[in-house]
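Note: the block below is query-v7.cif and it holds mmCIF, C-alpha atoms and all ligand atoms.
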```cif
data_my_file
#
loop_
_atom_site.label_atom_id
_atom_site.label_comp_id
_atom_site.auth_asym_id
_atom_site.auth_seq_id
_atom_site.Cartn_x
_atom_site.Cartn_y
_atom_site.Cartn_z
CA MET A 5 0.00 0.00 0.00
CA SER A 6 1.31 3.41 -0.94
CA GLY A 7 0.29 7.01 -0.72
CA ILE A 8 0.74 10.27 -2.55
CA TYR A 9 1.06 13.49 -0.55
CA ILE A 10 0.58 16.76 -2.43
CA HIS A 11 1.77 19.97 -0.78
CA ILE A 12 -0.13 23.16 -1.63
CA PRO A 13 2.25 25.92 -0.45
CA PHE A 14 -0.11 28.90 -0.14
CA CYS A 15 -1.92 30.48 2.79
CA LYS A 16 -4.06 33.59 3.14
CA GLN A 17 -2.04 34.76 6.12
CA ALA A 18 0.65 33.39 8.42
CA CYS A 19 -0.61 31.80 11.62
CA HIS A 20 1.61 33.00 14.45
CA TYR A 21 2.82 29.53 15.45
CA CYS A 22 3.40 28.01 12.02
CA ASP A 23 6.74 26.97 10.54
CA PHE A 24 5.42 24.99 7.58
CA HIS A 25 6.36 25.96 4.05
CA PHE A 26 3.90 28.37 2.40
CA SER A 27 3.68 31.70 0.64
CA THR A 28 0.98 34.31 1.23
CA SER A 29 1.29 35.48 -2.37
CA LEU A 30 -0.83 33.49 -4.79
CA LYS A 31 0.81 35.02 -7.87
CA LYS A 32 2.47 31.77 -8.86
CA LYS A 33 -0.51 29.54 -8.18
CA ASP A 34 -1.15 28.58 -11.83
CA GLU A 35 2.50 27.85 -12.53
CA LEU A 36 2.75 25.84 -9.36
CA ILE A 37 -0.26 23.68 -10.19
CA ASP A 38 1.26 22.94 -13.61
CA ALA A 39 4.51 22.01 -11.87
CA LEU A 40 2.72 19.68 -9.43
CA ILE A 41 1.09 17.90 -12.34
CA ARG A 42 4.42 17.62 -14.11
CA GLU A 43 6.09 16.21 -10.98
CA ILE A 44 3.29 13.66 -10.68
CA GLU A 45 4.08 12.56 -14.25
CA LEU A 46 7.84 12.58 -13.78
CA ARG A 47 7.71 10.35 -10.71
CA GLN A 48 5.31 7.69 -11.92
CA TYR A 49 8.16 5.18 -12.34
CA GLU A 50 8.64 5.18 -8.53
CA PHE A 51 5.26 3.49 -8.02
CA LYS A 52 5.25 1.27 -11.11
CA ASN A 53 4.63 -1.89 -9.09
CA THR A 54 2.37 -0.59 -6.41
CA THR A 55 -1.17 0.62 -5.91
CA VAL A 56 -1.95 4.07 -4.59
CA GLU A 57 -4.40 3.74 -1.71
CA THR A 58 -4.40 7.30 -0.43
CA ILE A 59 -4.04 10.78 -1.88
CA TYR A 60 -3.57 13.58 0.63
CA PHE A 61 -3.63 17.32 -0.06
CA GLY A 62 -1.73 19.06 2.72
CA GLY A 63 -0.19 22.45 3.13
CA GLY A 64 -0.22 25.31 3.35
CA THR A 65 -3.90 25.58 2.62
CA PRO A 66 -5.13 23.22 -0.12
CA SER A 67 -8.65 24.64 0.17
CA LEU A 68 -7.36 27.79 -1.55
CA LEU A 69 -7.51 25.78 -4.77
CA THR A 70 -10.75 25.66 -6.71
CA SER A 71 -12.44 22.31 -7.17
CA GLU A 72 -11.45 22.44 -10.88
CA GLU A 73 -7.79 22.89 -9.95
CA LEU A 74 -7.97 20.03 -7.46
CA LYS A 75 -9.65 17.87 -10.09
CA ARG A 76 -6.83 18.52 -12.59
CA ILE A 77 -4.31 17.29 -10.00
CA ILE A 78 -6.34 14.25 -8.97
CA ASP A 79 -6.95 13.34 -12.62
CA SER A 80 -3.22 13.38 -13.26
CA VAL A 81 -2.66 10.96 -10.36
CA PHE A 82 -5.29 8.61 -11.79
CA LYS A 83 -3.79 8.93 -15.25
CA ASN A 84 -0.21 8.17 -14.19
CA TYR A 85 -0.58 5.71 -11.30
CA ASN A 86 -2.39 2.56 -10.49
CA VAL A 87 -4.97 3.88 -8.02
CA SER A 88 -6.95 1.41 -5.92
CA GLU A 89 -10.69 1.08 -6.39
CA ASN A 90 -11.56 2.86 -3.20
CA PRO A 91 -8.81 5.37 -2.42
CA GLU A 92 -8.97 7.72 0.53
CA ILE A 93 -8.64 11.25 -0.88
CA THR A 94 -8.21 13.87 1.83
CA LEU A 95 -8.26 17.63 1.53
CA GLU A 96 -6.94 19.80 4.34
CA ALA A 97 -9.27 22.78 4.45
CA ASN A 98 -9.67 25.95 6.46
CA PRO A 99 -13.16 27.00 7.60
CA ASP A 100 -13.00 30.39 5.85
CA ASP A 101 -12.60 28.64 2.48
CA LEU A 102 -15.49 26.24 3.01
CA SER A 103 -18.45 28.23 1.76
CA ASN A 104 -21.66 26.25 1.23
CA LYS A 105 -21.04 26.34 -2.52
CA GLN A 106 -17.46 25.09 -2.15
CA ILE A 107 -18.55 22.25 0.15
CA ILE A 108 -21.08 21.11 -2.44
CA ASN A 109 -18.47 21.34 -5.21
CA LEU A 110 -16.02 19.30 -3.15
CA SER A 111 -18.66 16.71 -2.30
CA ASN A 112 -19.19 16.23 -6.04
CA SER A 113 -15.46 15.64 -6.58
CA GLN A 114 -13.39 12.51 -5.87
CA ILE A 115 -12.39 13.98 -2.50
CA ASN A 116 -13.99 11.81 0.18
CA ARG A 117 -12.41 13.10 3.39
CA LEU A 118 -11.99 16.60 4.81
CA SER A 119 -9.46 17.52 7.44
CA ILE A 120 -10.61 20.88 8.75
CA GLY A 121 -8.24 23.23 10.59
CA ILE A 122 -10.58 24.46 13.32
CA GLN A 123 -7.89 24.64 16.07
CA SER A 124 -10.28 26.32 18.54
CA PHE A 125 -13.86 27.51 18.72
CA HIS A 126 -12.89 30.45 20.94
CA GLU A 127 -12.45 33.83 19.30
CA LYS A 128 -9.58 34.89 21.59
CA ASP A 129 -7.58 31.74 20.75
CA LEU A 130 -8.13 32.22 17.02
CA LYS A 131 -6.98 35.85 17.27
CA LEU A 132 -3.94 34.94 19.36
CA MET A 133 -2.93 32.35 16.75
CA ASN A 134 -3.79 34.72 13.86
CA ARG A 135 -6.07 32.19 12.20
CA ALA A 136 -7.92 33.50 9.14
CA HIS A 137 -11.32 32.29 10.39
CA ASN A 138 -13.55 33.18 13.33
CA THR A 139 -15.77 31.14 15.64
CA GLN A 140 -18.87 31.73 13.56
CA GLU A 141 -17.15 30.48 10.37
CA ALA A 142 -15.81 27.42 12.20
CA LYS A 143 -19.30 26.39 13.32
CA GLN A 144 -21.02 27.36 10.08
CA CYS A 145 -18.66 25.31 7.93
CA LEU A 146 -19.10 22.25 10.16
CA GLU A 147 -22.86 22.67 10.01
CA GLU A 148 -22.70 22.41 6.22
CA ALA A 149 -19.74 20.04 5.78
CA THR A 150 -21.32 17.36 7.97
CA LYS A 151 -24.35 17.32 5.64
CA TYR A 152 -22.19 16.34 2.67
CA PHE A 153 -19.21 14.46 4.15
CA ASN A 154 -19.32 11.52 6.51
CA ASN A 155 -15.56 11.33 6.88
CA ILE A 156 -14.39 14.55 8.54
CA SER A 157 -11.40 15.13 10.75
CA LEU A 158 -10.89 18.24 12.87
CA ASP A 159 -7.62 19.73 14.05
CA LEU A 160 -7.73 21.12 17.58
CA ILE A 161 -4.85 22.73 19.46
CA TYR A 162 -4.38 22.51 23.22
CA GLY A 163 -1.92 24.32 25.48
CA ILE A 164 -2.79 27.70 23.96
CA PRO A 165 -1.66 30.55 26.26
CA GLY A 166 -4.63 31.67 28.34
CA THR A 167 -6.93 28.75 27.49
CA THR A 168 -8.51 27.32 30.63
CA HIS A 169 -9.31 23.63 31.04
CA GLN A 170 -12.97 24.53 30.86
CA GLU A 171 -12.50 26.31 27.53
CA TRP A 172 -10.52 23.35 26.25
CA GLU A 173 -13.31 20.97 27.25
CA GLN A 174 -15.79 23.19 25.45
CA ASN A 175 -13.75 22.87 22.25
CA ILE A 176 -13.91 19.09 22.44
CA ASP A 177 -17.63 19.14 23.33
CA ILE A 178 -18.49 21.32 20.36
CA ALA A 179 -16.57 18.99 18.02
CA LEU A 180 -18.42 16.00 19.47
CA ALA A 181 -21.78 17.75 19.13
CA PHE A 182 -21.18 17.94 15.37
CA GLY A 183 -20.79 14.15 15.26
CA ILE A 184 -17.17 14.35 14.14
CA LYS A 185 -15.51 10.92 13.89
CA HIS A 186 -11.83 11.83 13.77
CA ILE A 187 -9.81 14.41 15.68
CA SER A 188 -6.14 15.31 15.32
CA SER A 189 -4.91 17.30 18.25
CA TYR A 190 -1.54 18.84 18.97
CA ALA A 191 -0.05 20.92 21.75
CA LEU A 192 0.83 24.41 20.61
CA THR A 193 4.58 24.31 20.17
CA VAL A 194 6.75 27.38 20.00
CA GLU A 195 8.85 26.95 16.87
CA PRO A 196 11.93 29.16 16.44
CA LYS A 197 11.57 32.20 14.17
CA THR A 198 7.77 32.26 14.36
CA ALA A 199 5.77 35.32 15.43
CA LEU A 200 4.73 33.39 18.54
CA ALA A 201 8.38 32.84 19.53
CA SER A 202 9.07 36.55 19.15
CA PHE A 203 5.98 37.55 21.22
CA ILE A 204 7.18 35.22 23.96
CA ASP A 205 10.72 36.62 23.77
CA LYS A 206 9.34 40.14 24.15
CA GLY A 207 7.21 39.07 27.11
CA LEU A 208 3.96 39.86 25.26
CA ILE A 209 2.69 36.30 25.65
CA ASN A 210 3.45 33.90 28.49
CA THR A 211 4.59 30.36 27.84
CA VAL A 212 2.31 27.61 29.02
CA ASP A 213 3.36 25.33 31.83
CA ASP A 214 4.18 21.76 30.81
CA ALA A 215 1.99 20.43 33.62
CA LEU A 216 -1.00 22.35 32.26
CA ILE A 217 -0.37 21.08 28.71
CA GLN A 218 -0.20 17.56 30.08
CA GLU A 219 -3.51 18.02 31.92
CA GLN A 220 -5.22 19.21 28.74
CA PHE A 221 -3.78 16.23 26.86
CA TYR A 222 -5.33 13.84 29.39
CA ILE A 223 -8.65 15.74 29.38
CA LEU A 224 -8.68 15.13 25.62
CA ILE A 225 -7.90 11.42 25.95
CA ASP A 226 -10.50 10.86 28.68
CA LYS A 227 -13.25 12.75 26.90
CA LEU A 228 -12.70 11.17 23.52
CA GLU A 229 -12.27 7.64 24.86
CA ALA A 230 -15.52 8.09 26.81
CA ASN A 231 -17.11 8.90 23.45
CA ASN A 232 -15.85 5.70 21.75
CA PHE A 233 -12.84 7.20 20.02
CA VAL A 234 -9.72 5.07 19.79
CA HIS A 235 -6.52 6.89 20.64
CA TYR A 236 -4.74 5.17 17.76
CA GLU A 237 -1.79 7.55 17.47
CA LEU A 238 -0.36 10.03 19.92
CA SER A 239 -2.05 12.99 18.22
CA ASN A 240 -4.91 11.15 16.52
CA PHE A 241 -8.25 9.81 17.67
CA GLY A 242 -10.80 8.07 15.51
CA LYS A 243 -13.96 6.05 15.75
CA GLU A 244 -13.67 2.50 14.37
CA GLY A 245 -13.60 2.67 10.58
CA PHE A 246 -12.51 6.32 10.57
CA PHE A 247 -8.78 6.13 11.27
CA SER A 248 -6.84 8.11 8.67
CA ARG A 249 -5.66 5.57 6.12
CA ASN A 250 -3.03 8.03 4.92
CA ASN A 251 -1.49 8.56 8.34
CA SER A 252 -1.79 4.92 9.38
CA ALA A 253 0.20 3.92 6.31
CA TYR A 254 2.85 6.46 7.23
CA TRP A 255 3.14 5.18 10.80
CA GLN A 256 3.33 1.61 9.59
CA GLY A 257 6.31 2.43 7.39
CA LYS A 258 4.49 2.29 4.03
CA HIS A 259 5.93 4.07 1.03
CA TYR A 260 4.81 7.50 -0.09
CA ILE A 261 5.69 10.07 -2.70
CA GLY A 262 5.61 13.73 -1.67
CA ILE A 263 4.75 16.10 -4.51
CA GLY A 264 5.34 19.86 -4.30
CA PRO A 265 7.79 22.20 -2.57
CA SER A 266 8.99 20.93 0.83
CA ALA A 267 7.12 17.61 0.46
CA HIS A 268 8.80 14.52 1.91
CA SER A 269 9.00 11.06 0.36
CA PHE A 270 9.91 7.60 1.65
CA ASN A 271 10.55 4.41 -0.29
CA GLY A 272 11.50 2.05 2.53
CA LYS A 273 15.23 2.68 2.12
CA GLN A 274 15.55 6.35 1.33
CA ARG A 275 13.96 9.49 2.62
CA GLY A 276 13.66 12.48 0.30
CA TRP A 277 12.59 16.07 0.60
CA ASN A 278 11.77 18.56 -2.12
CA ILE A 279 13.21 22.04 -2.17
CA ARG A 280 11.39 24.46 0.18
CA ASN A 281 11.05 27.34 -2.27
CA ASN A 282 8.16 27.81 -4.71
CA THR A 283 10.08 29.68 -7.42
CA LYS A 284 13.04 27.28 -7.42
CA TYR A 285 10.69 24.31 -7.34
CA ILE A 286 8.73 25.53 -10.37
CA LYS A 287 11.90 26.32 -12.29
CA ALA A 288 13.44 22.91 -11.68
CA ILE A 289 10.28 21.06 -12.68
CA GLN A 290 9.94 23.20 -15.82
CA ASN A 291 13.42 21.94 -16.72
CA ASN A 292 12.25 18.38 -16.05
CA GLU A 293 14.51 18.14 -13.00
CA LEU A 294 13.34 16.77 -9.65
CA PRO A 295 14.38 19.27 -6.95
CA ILE A 296 14.76 16.54 -4.37
CA GLU A 297 17.49 15.72 -1.88
CA THR A 298 17.68 12.20 -0.53
CA GLU A 299 19.39 10.34 2.26
CA THR A 300 19.74 6.59 2.54
CA LEU A 301 18.68 5.30 5.91
CA THR A 302 21.11 3.09 7.81
CA LYS A 303 19.92 -0.01 9.61
CA THR A 304 20.08 1.98 12.85
CA ASP A 305 18.01 4.82 11.36
CA ARG A 306 15.37 2.34 10.27
CA TYR A 307 15.33 0.68 13.70
CA ASN A 308 14.97 4.07 15.42
CA GLU A 309 12.17 5.05 13.10
CA CYS A 310 10.39 1.77 13.71
CA VAL A 311 10.60 2.29 17.49
CA MET A 312 9.53 5.93 17.29
CA THR A 313 6.50 5.40 15.06
CA GLY A 314 5.52 2.13 16.76
CA LEU A 315 5.48 3.66 20.22
CA ARG A 316 3.33 6.53 19.00
CA THR A 317 0.60 4.14 17.86
CA VAL A 318 -1.88 1.78 19.42
CA TRP A 319 -0.20 -1.05 17.46
CA GLY A 320 3.07 -0.70 19.37
CA VAL A 321 6.50 -1.97 18.35
CA SER A 322 6.49 -5.58 17.22
CA ILE A 323 9.38 -7.30 18.97
CA LYS A 324 9.23 -10.13 16.44
CA LYS A 325 9.51 -7.65 13.61
CA ILE A 326 12.51 -5.98 15.24
CA LYS A 327 14.22 -9.37 15.49
CA ALA A 328 13.32 -10.39 11.94
CA GLU A 329 14.34 -7.09 10.33
CA PHE A 330 17.27 -6.00 12.46
CA GLY A 331 18.55 -9.13 14.23
CA THR A 332 18.95 -10.35 17.80
CA THR A 333 21.35 -7.58 18.87
CA PHE A 334 18.71 -4.94 18.20
CA GLU A 335 15.98 -7.02 19.83
CA THR A 336 18.07 -7.54 22.98
CA TYR A 337 18.98 -3.85 23.09
CA LEU A 338 15.34 -2.83 22.77
CA LEU A 339 14.22 -5.13 25.59
CA GLN A 340 17.08 -4.07 27.85
CA GLN A 341 16.40 -0.38 27.34
CA ALA A 342 12.67 -0.90 27.83
CA GLN A 343 13.09 -2.57 31.24
CA LYS A 344 13.37 0.57 33.32
CA HIS A 345 10.28 2.08 31.64
CA ILE A 346 8.34 -1.15 32.14
CA LYS A 347 9.21 -1.00 35.86
CA GLU A 348 7.99 2.60 35.98
CA HIS A 349 4.73 1.56 34.28
CA LEU A 350 5.40 3.73 31.25
CA LEU A 351 5.75 0.78 28.86
CA TYR A 352 4.25 -2.72 28.77
CA ILE A 353 4.40 -5.75 26.51
CA GLU A 354 1.22 -7.26 25.13
CA ASP A 355 1.14 -10.08 22.54
CA ASP A 356 4.76 -9.47 21.62
CA LYS A 357 4.17 -5.75 21.09
CA LEU A 358 5.91 -3.08 23.13
CA LYS A 359 3.43 -0.30 23.92
CA VAL A 360 3.18 2.85 26.01
CA THR A 361 0.81 2.90 28.98
CA LYS A 362 -1.61 5.76 29.43
CA LYS A 363 0.82 7.28 31.94
CA GLY A 364 3.64 7.01 29.40
CA LYS A 365 1.74 8.62 26.54
CA PHE A 366 2.70 12.20 27.30
CA LEU A 367 6.35 11.15 27.57
CA SER A 368 6.43 8.77 24.65
CA ASP A 369 8.82 10.75 22.42
CA GLY A 370 11.33 10.91 25.29
CA ILE A 371 10.87 7.22 26.06
CA ALA A 372 11.39 6.36 22.38
CA SER A 373 14.66 8.27 22.27
CA ASP A 374 15.84 6.24 25.24
CA LEU A 375 15.31 3.09 23.15
CA PHE A 376 17.15 4.47 20.12
CA LYS A 377 20.50 3.18 19.01
CA ILE A 378 23.21 5.54 17.84
CA ASN A 379 24.53 5.27 14.33
CA ILE A 380 27.55 3.01 14.78
CA VAL A 381 26.24 -0.17 13.17
S1 LIG B 401 -3.10 27.87 7.57
FE1 LIG B 401 -1.89 26.10 8.24
S2 LIG B 401 -0.05 26.11 6.95
FE2 LIG B 401 -1.04 28.12 6.73
S3 LIG B 401 0.01 29.42 8.20
FE3 LIG B 401 -1.80 28.60 9.23
S4 LIG B 401 -1.10 26.70 10.25
FE4 LIG B 401 0.46 27.30 8.75
#
```
Encoding of this model in structure tokens:
Amino acid sequence: MSGIYIHIPFCKQACHYCDFHFSTSLKKKDELIDALIREIELRQYEFKNTTVETIYFGGGTPSLLTSEELKRIIDSVFKNYNVSENPEITLEANPDDLSNKQIINLSNSQINRLSIGIQSFHEKDLKLMNRAHNTQEAKQCLEEATKYFNNISLDLIYGIPGTTHQEWEQNIDIALAFGIKHISSYALTVEPKTALASFIDKGLINTVDDALIQEQFYILIDKLEANNFVHYELSNFGKEGFFSRNNSAYWQGKHYIGIGPSAHSFNGKQRGWNIRNNTKYIKAIQNNELPIETETLTKTDRYNECVMTGLRTVWGVSIKKIKAEFGTTFETYLLQQAQKHIKEHLLYIEDDKLKVTKKGKFLSDGIASDLFKINIV
């Protein structure tokens, strides 16, 4: 199973916390779409022997594209790749782009899943983060989108400066009231060189205590699990049948091609990343060159990746798989390193899978790094 990720590098305005690749000028939109289609054609040989199960439009803000533009891109994937009969086709969308008309247009396209960047239903949070939408637009778009799409995911952010636990609970409750079946939720992180980082440096915004972030994380888990969501990945919750097929494939080490500036690719042995500059990307593709840098993963890199992604998911790290793919030395190392965390009830083993306990969830990235090997093999 394989996936295609398509990066749409445009946004209306820069959210204060964001360090993704995007431009707020749409001047090169047409040229960029042509380049995406050309890259899709140029890279078809990479997936000659595999079936594309998922197509994912991420960004940036893919909902800035019209449904005709999205259709051109999807058509080129179908034309150049062997796409499965029932692919998951996801569009990341922002509420302010989802007018009633646009929702209907999208529902008539091949797109069958929306991932909507709500982040918060509170006006003050949206302003602090400099989101382009307001509370009214967030609710209005969900009102309409849920009429036309069954498969909708929402993004919600916790640990926002000034957000109380009660306000955070309200965000989750509102999402649940719309009958949403998938939620991706992340703590607000302060990335270097973002507006948020500079506001914090200047003392205009206070940082949020780790303990408070942790409490909001567990409020989220408890509330969603009580509402029959499975916490299937550290930042992702879904009802049965509504886990993101795109993300699950990624966490299970499946191969994917990343199309567009800054998009990442993985073929099982090598990781690649496209140039993070729209103009240079377009120019290279116009010259039929792939602006991609690659690195070949060592055995240790692959082991570390397997541990990291496995521990983040409900499926855990298969000890058998570690032994089969990396040998007894790696298996022994993993079990030795895990011991102390098992004693502290942060990890446990179930049916040959190493998993994090509920207590360990908030610390899982740190625990994973403790199980990593360094690159000497
Ligand atoms: S809309 Fe998304 S990609 Fe664009 S600036 Fe905001 S968070 Fe970043």
Legend entry - Near-ligand residues for ligand LIG 401 (chain B), threshold 10 Å, all atoms listed in the file, as a ChimeraX atom specification: /A:12-28,62-67,96-98,121,123,133-137
Export of the given selection (C-alpha atoms) as a JSON list (two decimals), keeping the file's coordinate frame:
```
[["chain", "number", "residue", "atom", "x", "y", "z"],
["A", 12, "ILE", "CA", -0.13, 23.16, -1.63],
["A", 13, "PRO", "CA", 2.25, 25.92, -0.45],
["A", 14, "PHE", "CA", -0.11, 28.90, -0.14],
["A", 15, "CYS", "CA", -1.92, 30.48, 2.79],
["A", 16, "LYS", "CA", -4.06, 33.59, 3.14],
["A", 17, "GLN", "CA", -2.04, 34.76, 6.12],
["A", 18, "ALA", "CA", 0.65, 33.39, 8.42],
["A", 19, "CYS", "CA", -0.61, 31.80, 11.62],
["A", 20, "HIS", "CA", 1.61, 33.00, 14.45],
["A", 21, "TYR", "CA", 2.82, 29.53, 15.45],
["A", 22, "CYS", "CA", 3.40, 28.01, 12.02],
["A", 23, "ASP", "CA", 6.74, 26.97, 10.54],
["A", 24, "PHE", "CA", 5.42, 24.99, 7.58],
["A", 25, "HIS", "CA", 6.36, 25.96, 4.05],
["A", 26, "PHE", "CA", 3.90, 28.37, 2.40],
["A", 27, "SER", "CA", 3.68, 31.70, 0.64],
["A", 28, "THR", "CA", 0.98, 34.31, 1.23],
["A", 62, "GLY", "CA", -1.73, 19.06, 2.72],
["A", 63, "GLY", "CA", -0.19, 22.45, 3.13],
["A", 64, "GLY", "CA", -0.22, 25.31, 3.35],
["A", 65, "THR", "CA", -3.90, 25.58, 2.62],
["A", 66, "PRO", "CA", -5.13, 23.22, -0.12],
["A", 67, "SER", "CA", -8.65, 24.64, 0.17],
["A", 96, "GLU", "CA", -6.94, 19.80, 4.34],
["A", 97, "ALA", "CA", -9.27, 22.78, 4.45],
["A", 98, "ASN", "CA", -9.67, 25.95, 6.46],
["A", 121, "GLY", "CA", -8.24, 23.23, 10.59],
["A", 123, "GLN", "CA", -7.89, 24.64, 16.07],
["A", 133, "MET", "CA", -2.93, 32.35, 16.75],
["A", 134, "ASN", "CA", -3.79, 34.72, 13.86],
["A", 135, "ARG", "CA", -6.07, 32.19, 12.20],
["A", 136, "ALA", "CA", -7.92, 33.50, 9.14],
["A", 137, "HIS", "CA", -11.32, 32.29, 10.39]]
```
Legend entry - Top pick for closest residue to Asp100 in chain A, considering A:Ile37, A:Ala142, A:Leu30, A:Leu228 and counting all atoms listed in the file: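 Comparing A:Ile37, A:Ala142, A:Leu30, A:Leu228 against Asp100 in chain A, the winner is A:Ala142.
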Legend entry - Which of A:Asn292, A:Gln218, A:Ser157, A:Gln48 sits closest to Lys243 in chain A [using all atoms listed in the file]: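 Looking only at the distances to Lys243 in chain A, the closest residue turns out to be A:Ser157.
Taking CA of Val194 in chain A as the reference point, CA of Glu348 in chain A is found at 29.5 Å.
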Legend entry - Atom-to-atom span, CA of Thr211 in chain A and CA of Lys362 in chain A, Å: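 Between CA of Thr211 in chain A and CA of Lys362 in chain A the gap works out to 25.4 Å.
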Inset, instruction - Write out as a PyMOL selection string the residues lying within 8 Å of range 101-114 of chain A, counting all atoms listed in the file and excluding same-chain residues fewer than 5 positions away. - result: chain A and resi 67-68+71+75+78+93+145+148-149+152-153
Atoms to include: C-alpha atoms. Write the selected residues as a short mmCIF file (atom, residue, chain, number, x, y, z; two decimals), keeping the file's coordinate frame.
```cif
data_model
loop_
_atom_site.label_atom_id
_atom_site.label_comp_id
_atom_site.auth_asym_id
_atom_site.auth_seq_id
_atom_site.Cartn_x
_atom_site.Cartn_y
_atom_site.Cartn_z
CA SER A 67 -8.65 24.64 0.17
CA LEU A 68 -7.36 27.79 -1.55
CA SER A 71 -12.44 22.31 -7.17
CA LYS A 75 -9.65 17.87 -10.09
CA ILE A 78 -6.34 14.25 -8.97
CA ILE A 93 -8.64 11.25 -0.88
CA CYS A 145 -18.66 25.31 7.93
CA GLU A 148 -22.70 22.41 6.22
CA ALA A 149 -19.74 20.04 5.78
CA TYR A 152 -22.19 16.34 2.67
CA PHE A 153 -19.21 14.46 4.15
#
```
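Atom to atom, CA of Asn53 in chain A and CA of Ser248 in chain A stand 23.4 Å apart.
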Legend entry - Residue neighbourhood Tyr9 in chain A, 10 Å, all atoms listed in the file, exclusion window fewer than 2 positions, as number ranges by chain: A: 7, 11-12, 58-63, 93-94, 250, 260-264, 267-269
Inset, instruction - Could you give me, as a list in words, the residues within 12 Å of Ala253 in chain A, counting all atoms listed in the file and dropping anything in the same chain fewer than 2 positions from it? - result: Met5, Ser6, Gly7, Ile8, Tyr9, Val56, Glu57, Thr58, Ile59, Tyr60, Glu92, Glu237, Phe247, Ser248, Arg249, Asn250, Asn251, Trp255, Gln256, Gly257, Lys258, His259, Tyr260, Phe270, Thr313, Gly314 and Thr317 of chain A
Legend entry - From A:Gln174, A:Ser373, A:Gln340, A:Ser322, residue lying nearest Leu358 in chain A [only C-alpha atoms]: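 Nearest to Leu358 in chain A: A:Ser322.
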Inset, instruction - Using all atoms listed in the file, pick whichever of A:Val87, A:Ile178, A:Leu40, A:Ile10 has the shortest atom-to-atom distance to Leu294 in chain A. - result: A:Leu40
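Excluding Asp355 in chain A and any residue on its chain fewer than 3 positions from it, the residues at most 12 Å away by only C-alpha atoms are Trp319, Gly320, Val321, Ser322, Ile323, Lys324, Tyr352, Leu358 and Lys359 of chain A.
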Inset, instruction - Select all residues near (17.5, 9.6, -0.3) (cut-off 7 Å, inclusive, file coordinates), counting only C-alpha atoms, and output them as a list in words. - result: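 Those residues lying close to the given coordinates are Gln274, Arg275, Gly276, Glu297, Thr298, Glu299 and Thr300 of chain A.
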Given the selection you just returned, output its residues as a file containing C-alpha atoms, formatted as an mmCIF file, keeping the file's coordinate frame.
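Listing of again09.cif after writing:
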```
data_model
loop_
_atom_site.group_PDB
_atom_site.id
_atom_site.type_symbol
_atom_site.label_atom_id
_atom_site.label_comp_id
_atom_site.auth_asym_id
_atom_site.auth_seq_id
_atom_site.Cartn_x
_atom_site.Cartn_y
_atom_site.Cartn_z
ATOM 1 C CA GLN A 274 15.550 6.350 1.330
ATOM 2 C CA ARG A 275 13.960 9.490 2.620
ATOM 3 C CA GLY A 276 13.660 12.480 0.300
ATOM 4 C CA GLU A 297 17.490 15.720 -1.880
ATOM 5 C CA THR A 298 17.680 12.200 -0.530
ATOM 6 C CA GLU A 299 19.390 10.340 2.260
ATOM 7 C CA THR A 300 19.740 6.590 2.540
#
```
Inset, instruction - Choose the residue, out of A:Gln220, A:Asn282, A:Asn138, A:Gln170, that has the smallest atom-to-atom separation from Ser29 in chain A; count only C-alpha atoms. - result: A:Asn282
